Structures are given as C-alpha cells and as structure tokens.
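Pasting protein15.txt here (compact mmCIF, C-alpha atoms):
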# COMPACT_ATOMS: atom_id res chain seq x y z
CA MET A 22 128.81 90.76 58.63
CA ALA A 23 125.56 92.37 59.77
CA THR A 24 123.23 93.65 57.04
CA HIS A 25 121.34 96.94 57.19
CA HIS A 26 117.58 96.76 56.59
CA ASP A 27 115.10 99.63 56.49
CA PHE A 28 111.39 99.44 57.22
CA GLU A 29 109.51 98.68 54.00
CA SER A 30 105.84 99.03 54.96
CA LYS A 31 104.06 102.11 53.62
CA PRO A 32 101.82 104.34 55.74
CA SER A 33 98.12 104.38 54.90
CA ALA A 34 96.98 107.51 53.08
CA THR A 35 93.39 106.70 54.08
CA ILE A 36 94.16 106.70 57.79
CA ARG A 37 96.23 109.85 57.49
CA ARG A 38 93.34 111.59 55.74
CA ARG A 39 90.90 110.36 58.40
CA LEU A 40 93.06 111.70 61.21
CA SER A 41 93.80 114.96 59.45
CA SER A 42 91.97 118.10 60.50
CA VAL A 43 92.21 119.40 56.91
CA THR A 44 89.65 118.09 54.43
CA PRO A 45 90.28 118.43 50.66
CA ARG A 46 87.94 120.95 49.08
CA GLN A 47 86.78 118.59 46.36
CA LYS A 48 85.43 116.11 48.91
CA PRO A 49 82.50 116.67 51.24
CA THR A 50 83.19 116.87 54.95
CA VAL A 51 82.02 113.58 56.41
CA ALA A 52 82.48 112.81 60.08
CA ALA A 53 84.49 109.63 60.55
CA THR A 54 82.89 106.90 62.63
CA PHE A 55 86.19 106.56 64.49
CA SER A 56 89.54 108.29 64.49
CA HIS A 57 92.45 106.86 66.43
CA LEU A 58 96.01 105.76 66.07
CA ILE A 59 96.67 102.13 65.19
CA PRO A 60 97.85 100.11 68.20
CA MET A 61 101.14 98.33 67.54
CA TRP A 62 103.77 96.39 69.44
CA ALA A 63 107.52 96.09 68.96
CA GLY A 64 110.32 93.67 69.75
CA ILE A 65 113.85 94.99 70.16
CA ALA A 66 117.06 92.96 70.22
CA GLY A 67 120.73 93.84 69.95
CA ASN A 68 124.18 92.34 69.98
CA PRO A 69 127.80 93.38 69.27
CA VAL A 70 128.93 92.54 65.72
CA ASN A 71 131.95 92.91 63.44
CA ASN A 72 134.48 91.91 66.10
CA ASN A 73 132.89 94.25 68.65
CA THR A 74 133.36 97.32 66.43
CA GLY A 75 129.62 97.78 65.91
CA TYR A 76 126.32 97.03 67.61
CA GLU A 77 123.42 95.67 65.59
CA ILE A 78 119.91 96.60 66.69
CA VAL A 79 116.83 94.95 65.19
CA VAL A 80 113.30 96.26 65.66
CA SER A 81 110.38 93.98 64.80
CA ILE A 82 106.91 95.49 64.37
CA HIS A 83 103.77 93.53 65.24
CA ASP A 84 100.08 94.41 64.87
CA SER A 85 98.92 91.72 67.38
CA VAL A 86 98.28 89.20 64.59
CA TYR A 87 101.24 89.38 62.22
CA ASN A 88 104.75 90.69 62.02
CA THR A 89 104.27 93.67 59.72
CA ASP A 90 107.78 95.03 59.35
CA PHE A 91 111.32 95.03 60.69
CA ALA A 92 114.48 97.07 60.46
CA SER A 93 118.09 96.51 61.46
CA ALA A 94 121.00 98.89 61.76
CA VAL A 95 124.60 98.76 62.94
CA ILE A 96 125.60 101.67 65.17
CA PRO A 97 129.02 102.63 66.57
CA TYR A 98 130.23 100.55 69.50
CA GLU A 99 133.36 100.82 71.62
CA PRO A 100 134.11 98.05 74.12
CA GLY A 101 134.58 99.51 77.58
CA GLU A 102 132.70 102.76 76.82
CA ILE A 103 129.65 101.66 78.79
CA GLU A 104 127.85 105.00 79.18
CA LYS A 105 128.60 106.14 75.63
CA ASN A 106 127.39 102.87 74.10
CA ALA A 107 124.22 102.96 76.22
CA ARG A 108 123.45 106.52 75.13
CA ILE A 109 123.90 105.72 71.42
CA ILE A 110 121.74 102.60 71.68
CA ARG A 111 119.03 104.44 73.60
CA GLU A 112 118.91 107.35 71.16
CA HIS A 113 118.76 105.04 68.15
CA VAL A 114 115.89 102.93 69.52
CA VAL A 115 113.82 105.92 70.65
CA LYS A 116 114.37 107.72 67.33
CA THR A 117 113.48 104.60 65.31
CA LEU A 118 110.21 103.94 67.16
CA ARG A 119 109.22 107.61 67.22
CA GLN A 120 109.81 107.99 63.49
CA PHE A 121 107.88 104.82 62.64
CA SER A 122 104.97 105.98 64.85
CA SER A 123 104.87 109.36 63.16
CA GLU A 124 105.07 108.03 59.61
CA HIS A 125 102.57 105.18 60.10
CA LEU A 126 100.21 107.01 62.48
CA CYS A 127 100.41 104.25 65.04
CA LYS A 128 100.84 104.06 68.80
CA PHE A 129 103.22 101.52 70.27
CA LEU A 130 101.57 100.13 73.39
CA GLY A 131 104.24 97.64 74.41
CA ALA A 132 107.76 96.67 73.49
CA GLY A 133 109.53 93.41 74.20
CA VAL A 134 113.16 94.07 75.09
CA THR A 135 115.75 91.30 75.23
CA LEU A 136 117.76 90.98 78.43
CA THR A 137 120.99 91.11 76.42
CA LEU A 138 120.04 94.54 75.05
CA LEU A 139 118.97 95.81 78.46
CA ARG A 140 122.37 94.90 79.92
CA GLU A 141 124.06 97.07 77.29
CA CYS A 142 121.58 99.92 77.81
CA PRO A 143 120.19 99.78 81.39
CA ASN A 144 118.02 102.90 81.01
CA LEU A 145 116.40 101.90 77.72
CA CYS A 146 113.13 100.76 79.31
CA THR A 147 112.90 103.92 81.40
CA ARG A 148 113.18 106.09 78.29
CA LEU A 149 110.66 103.99 76.34
CA TRP A 150 108.14 104.56 79.13
CA LEU A 151 108.84 108.23 79.88
CA ASP A 152 109.56 109.46 76.34
CA LEU A 153 107.26 107.30 74.20
CA ASP A 154 104.59 106.05 76.65
CA ILE A 155 105.49 102.46 75.75
CA VAL A 156 105.21 99.64 78.30
CA PRO A 157 108.57 97.81 78.12
CA ILE A 158 108.63 94.10 79.00
CA VAL A 159 111.95 92.30 79.38
CA PHE A 160 112.51 88.74 78.21
CA ASN A 161 115.55 86.51 78.56
CA ILE A 162 115.67 85.30 74.97
CA LYS A 163 118.70 83.17 74.30
CA PRO A 164 120.78 83.49 71.12
CA TYR A 165 120.31 79.76 70.57
CA HIS A 166 117.17 77.73 70.09
CA THR A 167 116.05 75.96 73.24
CA ASP A 168 113.91 72.93 73.88
CA SER A 169 110.34 73.49 75.02
CA ILE A 170 109.50 73.12 78.71
CA THR A 171 106.24 71.50 77.69
CA ARG A 172 105.39 68.18 76.10
CA PRO A 173 102.18 67.00 74.43
CA ASN A 174 99.44 66.42 76.99
CA ILE A 175 101.66 67.64 79.83
CA LYS A 176 100.88 70.85 81.71
CA HIS A 177 103.36 73.69 82.04
CA ARG A 178 106.01 72.92 84.63
CA ILE A 179 105.66 75.08 87.74
CA SER A 180 108.67 76.52 89.55
CA SER A 181 108.98 74.93 92.98
CA THR A 182 110.34 78.13 94.50
CA THR A 183 108.05 80.84 93.15
CA GLY A 184 104.98 78.85 92.18
CA SER A 185 104.93 80.65 88.84
CA TYR A 186 105.55 79.55 85.29
CA VAL A 187 109.21 79.11 84.45
CA PRO A 188 110.29 82.41 82.82
CA SER A 189 110.89 82.42 79.09
CA GLY A 190 114.44 81.63 78.09
CA THR A 191 115.54 80.26 81.48
CA GLU A 192 115.91 76.70 82.67
CA THR A 193 115.20 75.54 79.12
CA PRO A 194 117.80 73.21 77.62
CA THR A 195 119.60 74.30 74.47
CA VAL A 196 118.96 72.20 71.37
CA PHE A 197 122.16 70.69 69.94
CA VAL A 198 122.58 69.20 66.47
CA GLU A 199 125.49 67.76 64.55
CA SER A 200 127.72 70.48 63.09
CA ALA A 201 127.37 68.93 59.63
CA HIS A 202 123.73 70.02 59.54
CA LEU A 203 124.78 73.67 59.99
CA SER A 204 127.60 73.65 57.44
CA ALA A 205 125.25 74.75 54.66
CA THR A 206 124.64 78.10 56.32
CA LEU A 207 127.42 78.44 58.89
CA ASP A 208 131.09 77.80 58.21
CA THR A 209 131.98 76.93 61.78
CA GLY A 210 134.98 74.68 61.17
CA ILE A 211 134.01 72.84 64.35
CA GLN A 212 133.22 69.17 64.62
CA GLY A 213 130.69 67.64 66.99
CA ARG A 214 127.37 68.92 68.27
CA LEU A 215 126.51 72.62 68.11
CA PRO A 216 123.57 74.75 69.24
CA ILE A 217 121.22 76.10 66.58
CA PRO A 218 121.74 79.88 66.45
CA ARG A 219 118.75 82.21 66.72
CA THR A 220 119.28 85.25 64.50
CA LEU A 221 118.80 88.73 65.89
CA ASP A 222 115.62 89.35 63.89
CA GLU A 223 114.22 86.07 65.30
CA GLN A 224 115.06 87.26 68.81
CA ALA A 225 113.33 90.60 68.21
CA ASP A 226 110.23 88.96 66.76
CA SER A 227 110.09 86.51 69.67
CA ALA A 228 110.22 89.46 72.09
CA ALA A 229 107.34 91.16 70.24
CA ARG A 230 105.16 88.03 70.31
CA LYS A 231 105.86 87.40 73.99
CA CYS A 232 105.09 91.05 74.75
CA LEU A 233 101.64 90.66 73.19
CA MET A 234 100.78 87.89 75.66
CA PHE A 235 100.89 90.43 78.50
CA PHE A 236 98.09 92.56 77.03
CA GLY A 237 94.42 91.73 77.45
CA PRO A 238 91.05 93.21 76.44
CA ASN A 239 91.10 96.85 75.35
CA ASN A 240 94.86 96.47 74.99
CA ASN A 241 95.47 96.96 78.70
CA PRO A 242 98.38 95.15 80.40
CA ARG A 243 97.09 92.01 82.07
CA LEU A 244 96.86 91.89 85.84
CA SER A 245 98.95 89.07 87.34
CA ILE A 246 98.06 87.31 90.60
CA GLY A 247 100.44 84.75 92.07
CA PRO A 248 100.26 82.08 94.81
CA ARG A 249 98.17 82.96 97.92
CA ASN A 250 96.80 85.83 95.84
CA GLN A 251 99.96 87.88 95.88
CA VAL A 252 99.69 90.72 93.39
CA ALA A 253 102.50 90.29 90.86
CA VAL A 254 103.10 94.00 90.26
CA ASP A 255 104.48 94.75 86.80
CA ALA A 256 103.91 91.14 85.73
CA GLY A 257 106.17 89.90 88.48
CA GLY A 258 109.00 92.20 87.48
CA LYS A 259 108.97 91.59 83.72
CA ILE A 260 107.53 95.05 83.03
CA HIS A 261 110.24 97.69 83.53
CA LEU A 262 108.70 101.16 83.74
CA ILE A 263 111.33 102.89 85.85
CA ASP A 264 114.74 101.27 86.27
CA ASP A 265 116.57 104.48 87.13
CA LEU A 266 116.24 105.73 90.73
CA GLU A 267 117.41 109.13 89.52
CA GLU A 268 113.95 109.63 87.98
CA TYR A 269 112.44 109.29 91.44
CA ARG A 270 115.04 111.50 93.09
CA LYS A 271 114.27 114.40 90.73
CA THR A 272 110.65 114.55 91.95
CA VAL A 273 111.47 115.54 95.56
CA GLY A 274 113.84 117.74 97.54
CA PRO A 275 117.22 116.54 98.85
CA ARG A 276 116.09 116.13 102.46
CA THR A 277 113.08 114.03 101.50
CA TRP A 278 115.16 111.82 99.24
CA ASN A 279 117.89 111.35 101.84
CA SER A 280 115.24 110.33 104.39
CA VAL A 281 113.81 107.76 101.97
CA ILE A 282 117.22 106.27 101.23
CA LYS A 283 118.08 106.12 104.94
CA LEU A 284 114.84 104.31 105.74
CA ALA A 285 115.30 101.89 102.81
CA ASP A 286 118.85 101.14 103.96
CA GLU A 287 117.62 100.34 107.47
CA LEU A 288 114.85 98.07 106.19
CA ARG A 289 117.33 96.14 104.05
CA GLU A 290 119.93 95.85 106.80
CA LYS A 291 117.38 94.55 109.28
CA LYS A 292 115.81 92.31 106.61
CA VAL A 293 112.35 93.66 107.38
CA LYS A 294 109.55 92.08 105.33
CA ILE A 295 106.55 94.29 104.58
CA GLY A 296 103.12 93.04 103.54
CA PHE A 297 100.19 95.05 102.22
CA PHE A 298 96.67 93.61 102.37
CA SER A 299 93.68 95.15 100.58
CA SER A 300 90.44 94.03 98.98
CA THR A 301 91.23 94.53 95.30
CA PRO A 302 94.29 94.88 93.05
CA GLN A 303 92.65 97.23 90.58
CA GLY A 304 89.87 99.71 90.00
CA GLY A 305 90.38 102.26 92.77
CA GLY A 306 92.83 105.02 93.53
CA VAL A 307 94.36 103.08 96.43
CA ALA A 308 95.09 100.12 94.14
CA LEU A 309 96.69 102.38 91.54
CA MET A 310 98.96 103.95 94.15
CA ARG A 311 99.80 100.55 95.62
CA HIS A 312 101.18 99.34 92.29
CA ALA A 313 103.41 102.42 92.13
CA LEU A 314 104.51 101.99 95.75
CA ILE A 315 105.49 98.34 95.32
CA ARG A 316 107.36 99.29 92.14
CA PHE A 317 109.28 101.98 94.04
CA LEU A 318 110.07 99.73 97.01
CA THR A 319 111.27 97.03 94.63
CA ALA A 320 113.60 99.52 92.94
CA LEU A 321 114.97 100.31 96.42
CA ASP A 322 115.45 96.57 97.02
CA VAL A 323 113.06 96.62 99.97
CA ASP A 324 111.29 93.31 100.67
CA ALA A 325 107.63 94.23 100.12
CA ALA A 326 104.66 92.22 98.87
CA TRP A 327 100.97 92.88 98.29
CA TYR A 328 98.13 90.42 98.87
CA VAL A 329 94.44 90.51 98.04
CA PRO A 330 91.67 88.06 99.02
CA ASN A 331 90.31 85.52 96.58
CA PRO A 332 87.52 87.35 94.71
CA SER A 333 83.92 86.35 95.48
CA PRO A 334 81.24 87.87 93.22
CA SER A 335 78.53 87.33 95.86
CA VAL A 336 80.59 89.11 98.53
CA PHE A 337 81.43 91.94 96.17
CA ARG A 338 77.72 92.26 95.40
CA THR A 339 77.16 92.76 99.13
CA THR A 340 79.81 95.49 99.38
CA LYS A 341 78.38 97.21 96.30
CA ASN A 342 74.89 97.10 97.79
CA ASN A 343 76.23 98.61 101.02
CA HIS A 344 77.82 101.45 99.07
CA ASN A 345 74.57 102.11 97.22
CA ILE A 346 72.57 102.09 100.48
CA LEU A 347 74.93 104.57 102.14
CA GLN A 348 74.86 106.81 99.07
CA GLY A 349 71.07 106.75 98.87
CA VAL A 350 70.89 105.25 95.38
CA ALA A 351 69.74 101.72 96.31
CA ALA A 352 66.18 100.40 96.11
CA PRO A 353 64.17 101.48 99.21
CA ASP A 354 63.73 97.91 100.41
CA LEU A 355 67.38 96.85 99.98
CA ARG A 356 68.97 95.88 103.30
CA LEU A 357 72.07 94.09 104.57
CA THR A 358 70.72 90.68 105.57
CA GLN A 359 72.09 88.30 108.17
CA GLU A 360 72.75 85.78 105.43
CA ALA A 361 74.94 88.30 103.59
CA LYS A 362 76.78 89.10 106.84
CA ASP A 363 77.48 85.43 107.49
CA ALA A 364 78.74 84.92 103.94
CA PHE A 365 81.00 87.95 104.32
CA ASP A 366 82.46 86.66 107.61
CA ALA A 367 83.05 83.21 106.11
CA TRP A 368 84.87 84.79 103.17
CA ILE A 369 87.13 86.81 105.47
CA LEU A 370 87.90 83.75 107.60
CA LYS A 371 88.72 81.58 104.58
CA ASN A 372 91.18 84.11 103.17
CA GLY A 373 92.70 84.67 106.60
CA LEU A 374 93.32 80.94 106.96
CA ARG A 375 95.15 80.88 103.62
CA TRP A 376 97.48 83.64 104.78
CA THR A 377 98.07 82.26 108.29
CA ALA A 378 98.70 78.68 107.13
CA GLU A 379 102.28 77.42 107.03
CA GLY A 380 104.32 79.39 104.52
CA GLY A 381 101.72 82.17 104.32
CA PRO A 382 102.51 85.86 104.69
CA LEU A 383 100.83 86.05 108.14
CA ALA A 384 102.27 82.78 109.43
CA PRO A 385 105.41 82.57 111.59
CA GLY A 386 108.34 83.63 109.44
CA GLY A 387 106.08 85.75 107.24
CA VAL A 388 105.90 89.53 107.09
CA ASP A 389 107.21 91.67 109.92
CA ILE A 390 104.97 94.65 109.19
CA ALA A 391 101.43 94.35 107.82
CA PHE A 392 99.43 97.23 106.34
CA ILE A 393 95.72 96.46 106.03
CA GLY A 394 93.59 98.64 103.77
CA MET A 395 89.97 98.73 102.66
CA SER A 396 90.51 98.97 98.92

Please go through the file and, once you have read it, give me the structure as structure tokens.
Amino acid sequence: MATHHDFESKPSATIRRRLSSVTPRQKPTVAATFSHLIPMWAGIAGNPVNNNTGYEIVVSIHDSVYNTDFASAVIPYEPGEIEKNARIIREHVVKTLRQFSSEHLCKFLGAGVTLTLLRECPNLCTRLWLDLDIVPIVFNIKPYHTDSITRPNIKHRISSTTGSYVPSGTETPTVFVESAHLSATLDTGIQGRLPIPRTLDEQADSAARKCLMFFGPNNNPRLSIGPRNQVAVDAGGKIHLIDDLEEYRKTVGPRTWNSVIKLADELREKKVKIGFFSSTPQGGGVALMRHALIRFLTALDVDAAWYVPNPSPSVFRTTKNNHNILQGVAAPDLRLTQEAKDAFDAWILKNGLRWTAEGGPLAPGGVDIAFIGMS
C-alpha cells in the first residue's frame, strides 16, 4: 500500500521579505545586496500501485548539494484510459512543482524524469518546459538496484556503437540476492534469488541527482560534444524540451506545416543523411538556431547531425583579431600575419581529415547533404 507524504520543509521568511516590494514600517529600507529566487532541481518518478487502481507519484527536491524535501501522492488511475491517465499525471506534477516554487520562492531549473513515468505521460516534459520553464531530462532508472558499470581503477566502459558513455540504467546487470535476505522487509513467498527493489522515492532522488550532473557553471545546461566533434544536441537526446509535434504545428499555417511534413517524409523514405558544419556550437545566434533546428528534425525522425571543428584557442584568437580589425577597434599595428594564416590553414586541414577519414561524416557512406556555415 502506497503512503501519502507531504512536503515538510518550511519557506524562509527572510528570503520572502528580501524579495518583497513591501518593507515593514518599523524597519529601515535597506537595499539588498542580491535578490533572486533560489535555484532548485527535482526528480520525478511514478508507478501504478494498489493493483493498478492508483498511480503513485513521488517528487524529490534537491538544492544541488542535498535532498531537501520530498512528497508522494496516489492519484486516480484507470488501466486502458491512456489519455485520461496522462492528463491527471501531468496536471498533478505541474501543480505540485508550481505550488512548491511559489511557497518556497525557488526556481526549478531542471527536473529528472524517469522513463517509466514518461511512458505513462508522454507530454509531461513538454509541459514542464513550456509551462514552468524547467529543463526536463529523462533517465532510464530501473525499479531494481543494478550493478555498477565501473570497477575500481577501471575507466568508464564506452559504447562500441555510439562512442558515448553507456546511458544510466541500461546495459547494467541487476543485482540478485537470496530471498531470505529480503524477508525482513518484503513478504515475497518466493524462494531463490531475487532482485533488490528500488523504492519510488529512491528512483525520484536518483533522477534528481543525475539531472544535476547535466548543469555546469552559472547553472546552465552543459554542452555535450561527441565523437568526431558531433554536437550532442539536448545532451544526446536526454533533454526533452518538446516531445509533442503539435506544439510546432500551432506556430505556422496549414500549408507551411503540410510542406514540412511532406519534405520530412521524403527525407525519411529516401534515407537522406544531413550534416551541418559550423565553427562553434554555442555563443552566436546561428548556433542557438542550429540547436533548435536539430531538435525539430530529430522530432520529425529526420537523420540530421551537426559537427564543429576541434577548438583551437590560438586560431580563435586569430579570428577575433580579424573581427576587431574589420570593426576598427584593434590596435593600429595589429595585422593578420602569414604565420597566423598558416596555422589557420593547418587547423582547417586537420579537422577536414578527421571528417573525411573512414567512418567520418564526409567519408564515403557519410552524409548525403552538407551545410557549411561560418558560425
């Protein structure tokens, strides 16, 4: 039987007073040195309970160092009522996070969502992003404890197919123990070896902690670069900002949308591979739009990838100097030297060789269409 738990942490009266525009009369008006909402992260997990008559949802709150609070609730659930169940789950999660944010004067920056919960509520991540401005990151967290894919003094195992770290919760063997060891807490009535269950609050907290790993300095989502400097947009697909194509369709007219769908269908049918090549994965307007474009093409199931050259600080210094010269803000004696030109050409050649080598995006069997940009 699932147990209901409410949040127990209390909001800070000091922070509320600091953020308030109303100052008590008995106290002098003193300008605060800073005034901002507290950044927080959440982990969300869910699973049917009570013989599939209810659905338990657990929300774990994290401040980047500690788990600060959690809550669990059982909401109505009807097997087979897919859309109705998804709507109830979505509304409960959004309401819970919005209420906690309002009462505790915090801003949720990211939320780890378990794959099991996402399957029950496919549009949950879309609503977290559009309604609450939360970056949702999906993790395949198993309901049983798994063995680690690492060992002491052994590096992380690399996937032979993608070249990336093995995703959390996949390809990790389940830990089995004798059923007698679980009899103290679980009346299974089963003999032999059993997996060690991971409770729903443990799953939610694991999702919150994993979510934190995808945020870097200034609490920005980390940029991910894969093999041959392929830009892993949205952390290689773990970040789910928009899962619902309907959100895209609503932004344009019917004829435009129909044209997009027709083109996407043709690209898929012909198995066309598209590659984008530019100098940097961040910082400029082109890079920002490229992330959104790859995200959209991925949602359409179009085979598209984005590559950037290996960064060279000395080469980037040259390009920056050129910009300053053209804009008239460089030192009067600053010039583009032959040495800088040669270093620039060598850098271009080296990156080109990486992409044209066997298995590269510009090698035989690579992309069919290449878009080359400046930034």

How close does each residue of range 216-269 of chain A get to range 291-315 of chain A, giving the shortest atom pair and distance in Å to one decimal for every residue with an atom at most 9 Å away, counting all atoms listed in the file, sorted by chain and residue number, as a Markdown table?
| residue | atom | partner | partner_atom | distance |
| --- | --- | --- | --- | --- |
| A:Leu244 | CA | A:Pro302 | CA | 8.2 |
| A:Ile246 | CA | A:Pro302 | CA | 8.8 |
| A:Val252 | CA | A:Pro302 | CA | 6.8 |
| A:Val254 | CA | A:His312 | CA | 6.0 |
| A:Asp255 | CA | A:His312 | CA | 7.9 |

Practice problem: Figure out the distance between CA of Trp327 in chain A and CA of Tyr269 in chain A, please, to one decimal in Å. | Solution: 21.2 Å

Exercise. Tell me, in Å to one decimal, how far CA of Phe392 in chain A is from CA of Asn250 in chain A.
Key: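 Here the two named atoms are 15.7 Å from each other.
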
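Here the question is which of A:Ile110, A:Leu130, A:Leu151, A:Val336 gets nearest to Ile369 in chain A using only C-alpha atoms, and that residue is A:Val336.
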
Quiz item: So which residues fall inside 10 Å of (107.2, 94.6, 84.4) if we count all atoms listed in the file? Mind giving them as JSON, numbers by chain?
Solution: {"A": [146, 156, 157, 158, 159, 235, 242, 253, 254, 255, 256, 257, 258, 259, 260, 261, 262, 263, 316]}

Quiz item: A:Phe121, A:Phe236, A:Phe317, A:Phe91: which is nearest His25 in chain A, counting all atoms listed in the file?
Solution: A:Phe91

Quiz item: Given the choices A:Lys163, A:Arg276, A:Lys231, A:Lys371, which gets closest to Arg219 in chain A if the distance is worked out from only C-alpha atoms?
Solution: A:Lys163

Quiz item: What does the distance from CA of Asp366 in chain A to CA of Ala326 in chain A come to in Å, to one decimal?
Solution: 24.5 Å

Practice problem: Would you list the contacts of range 131-142 of chain A as a PyMOL selection string, taking every protein, DNA or RNA residue within 10 Å and counting only C-alpha atoms, but skipping same-chain residues closer than 4 positions in sequence? | Solution: chain A and resi 60-69+76+78+80-83+103-111+118+146+149-150+154-164+190+224-233+235-236+240-242+259-261

Quiz prompt | Residue among A:Val70, A:Ala361, A:Met234, A:Leu266 lying closest to Pro143 in chain A, counting all atoms listed in the file | solution = A:Leu266

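The shortest atom-to-atom distance to Pro330 in chain A, with only C-alpha atoms taken into account, belongs to A:Leu374 out of A:Val281, A:Leu145, A:Val79, A:Leu374.
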
Practice problem: Excluding Ala285 in chain A and any residue of its chain fewer than 4 positions from it, enumerate the residues within 7 Å of it, using all atoms listed in the file, and give them as a list in words. | Solution: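 The filter keeps Val281, Arg289, Leu321 and Val323 of chain A.
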
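The smallest atom-to-atom distance between Pro32 in chain A and any of A:Glu99, A:Glu124, A:Asp363, A:Asp90, using all atoms listed in the file, is found for A:Glu124.
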
Rebuild range 319-334 of chain A so that it carries N, CA, C and O atoms, then output the result as a PDB file, keeping the file's coordinate frame.
ATOM      1  N   THR A 319     110.473  98.045  95.316  1.00  0.00           N
ATOM      2  CA  THR A 319     111.270  97.030  94.630  1.00  0.00           C
ATOM      3  C   THR A 319     112.541  97.640  94.049  1.00  0.00           C
ATOM      4  O   THR A 319     113.621  97.042  94.118  1.00  0.00           O
ATOM      5  N   ALA A 320     112.417  98.840  93.479  1.00  0.00           N
ATOM      6  CA  ALA A 320     113.600  99.520  92.940  1.00  0.00           C
ATOM      7  C   ALA A 320     114.606  99.830  94.044  1.00  0.00           C
ATOM      8  O   ALA A 320     115.817  99.850  93.805  1.00  0.00           O
ATOM      9  N   LEU A 321     114.104 100.057  95.274  1.00  0.00           N
ATOM     10  CA  LEU A 321     114.970 100.310  96.420  1.00  0.00           C
ATOM     11  C   LEU A 321     115.471  99.025  97.057  1.00  0.00           C
ATOM     12  O   LEU A 321     116.206  99.067  98.045  1.00  0.00           O
ATOM     13  N   ASP A 322     115.066  97.891  96.510  1.00  0.00           N
ATOM     14  CA  ASP A 322     115.450  96.570  97.020  1.00  0.00           C
ATOM     15  C   ASP A 322     114.910  96.324  98.424  1.00  0.00           C
ATOM     16  O   ASP A 322     115.543  95.658  99.247  1.00  0.00           O
ATOM     17  N   VAL A 323     113.743  96.868  98.701  1.00  0.00           N
ATOM     18  CA  VAL A 323     113.060  96.620  99.970  1.00  0.00           C
ATOM     19  C   VAL A 323     112.126  95.430  99.785  1.00  0.00           C
ATOM     20  O   VAL A 323     111.424  95.329  98.766  1.00  0.00           O
ATOM     21  N   ASP A 324     112.113  94.525 100.750  1.00  0.00           N
ATOM     22  CA  ASP A 324     111.290  93.310 100.670  1.00  0.00           C
ATOM     23  C   ASP A 324     109.838  93.665 100.986  1.00  0.00           C
ATOM     24  O   ASP A 324     109.443  93.789 102.143  1.00  0.00           O
ATOM     25  N   ALA A 325     109.034  93.852  99.945  1.00  0.00           N
ATOM     26  CA  ALA A 325     107.630  94.230 100.120  1.00  0.00           C
ATOM     27  C   ALA A 325     106.760  93.407  99.184  1.00  0.00           C
ATOM     28  O   ALA A 325     107.144  93.138  98.036  1.00  0.00           O
ATOM     29  N   ALA A 326     105.606  92.999  99.674  1.00  0.00           N
ATOM     30  CA  ALA A 326     104.660  92.220  98.870  1.00  0.00           C
ATOM     31  C   ALA A 326     103.249  92.703  99.135  1.00  0.00           C
ATOM     32  O   ALA A 326     102.967  93.322 100.166  1.00  0.00           O
ATOM     33  N   TRP A 327     102.356  92.394  98.221  1.00  0.00           N
ATOM     34  CA  TRP A 327     100.970  92.880  98.290  1.00  0.00           C
ATOM     35  C   TRP A 327     100.039  91.699  98.056  1.00  0.00           C
ATOM     36  O   TRP A 327     100.212  90.944  97.096  1.00  0.00           O
ATOM     37  N   TYR A 328      99.069  91.540  98.941  1.00  0.00           N
ATOM     38  CA  TYR A 328      98.130  90.420  98.870  1.00  0.00           C
ATOM     39  C   TYR A 328      96.699  90.929  98.838  1.00  0.00           C
ATOM     40  O   TYR A 328      96.361  91.931  99.472  1.00  0.00           O
ATOM     41  N   VAL A 329      95.869  90.210  98.097  1.00  0.00           N
ATOM     42  CA  VAL A 329      94.440  90.510  98.040  1.00  0.00           C
ATOM     43  C   VAL A 329      93.667  89.211  98.277  1.00  0.00           C
ATOM     44  O   VAL A 329      94.178  88.123  97.994  1.00  0.00           O
ATOM     45  N   PRO A 330      92.456  89.277  98.806  1.00  0.00           N
ATOM     46  CA  PRO A 330      91.670  88.060  99.020  1.00  0.00           C
ATOM     47  C   PRO A 330      91.203  87.453  97.699  1.00  0.00           C
ATOM     48  O   PRO A 330      91.165  88.135  96.665  1.00  0.00           O
ATOM     49  N   ASN A 331      90.857  86.178  97.758  1.00  0.00           N
ATOM     50  CA  ASN A 331      90.310  85.520  96.580  1.00  0.00           C
ATOM     51  C   ASN A 331      88.961  86.171  96.248  1.00  0.00           C
ATOM     52  O   ASN A 331      88.099  86.298  97.117  1.00  0.00           O
ATOM     53  N   PRO A 332      88.754  86.625  95.033  1.00  0.00           N
ATOM     54  CA  PRO A 332      87.520  87.350  94.710  1.00  0.00           C
ATOM     55  C   PRO A 332      86.275  86.471  94.811  1.00  0.00           C
ATOM     56  O   PRO A 332      86.285  85.319  94.376  1.00  0.00           O
ATOM     57  N   SER A 333      85.220  87.026  95.379  1.00  0.00           N
ATOM     58  CA  SER A 333      83.920  86.350  95.480  1.00  0.00           C
ATOM     59  C   SER A 333      82.849  87.283  94.940  1.00  0.00           C
ATOM     60  O   SER A 333      82.545  88.309  95.569  1.00  0.00           O
ATOM     61  N   PRO A 334      82.260  86.990  93.792  1.00  0.00           N
ATOM     62  CA  PRO A 334      81.240  87.870  93.220  1.00  0.00           C
ATOM     63  C   PRO A 334      80.072  88.134  94.178  1.00  0.00           C
ATOM     64  O   PRO A 334      79.548  89.252  94.220  1.00  0.00           O
TER      65      PRO A 334
END
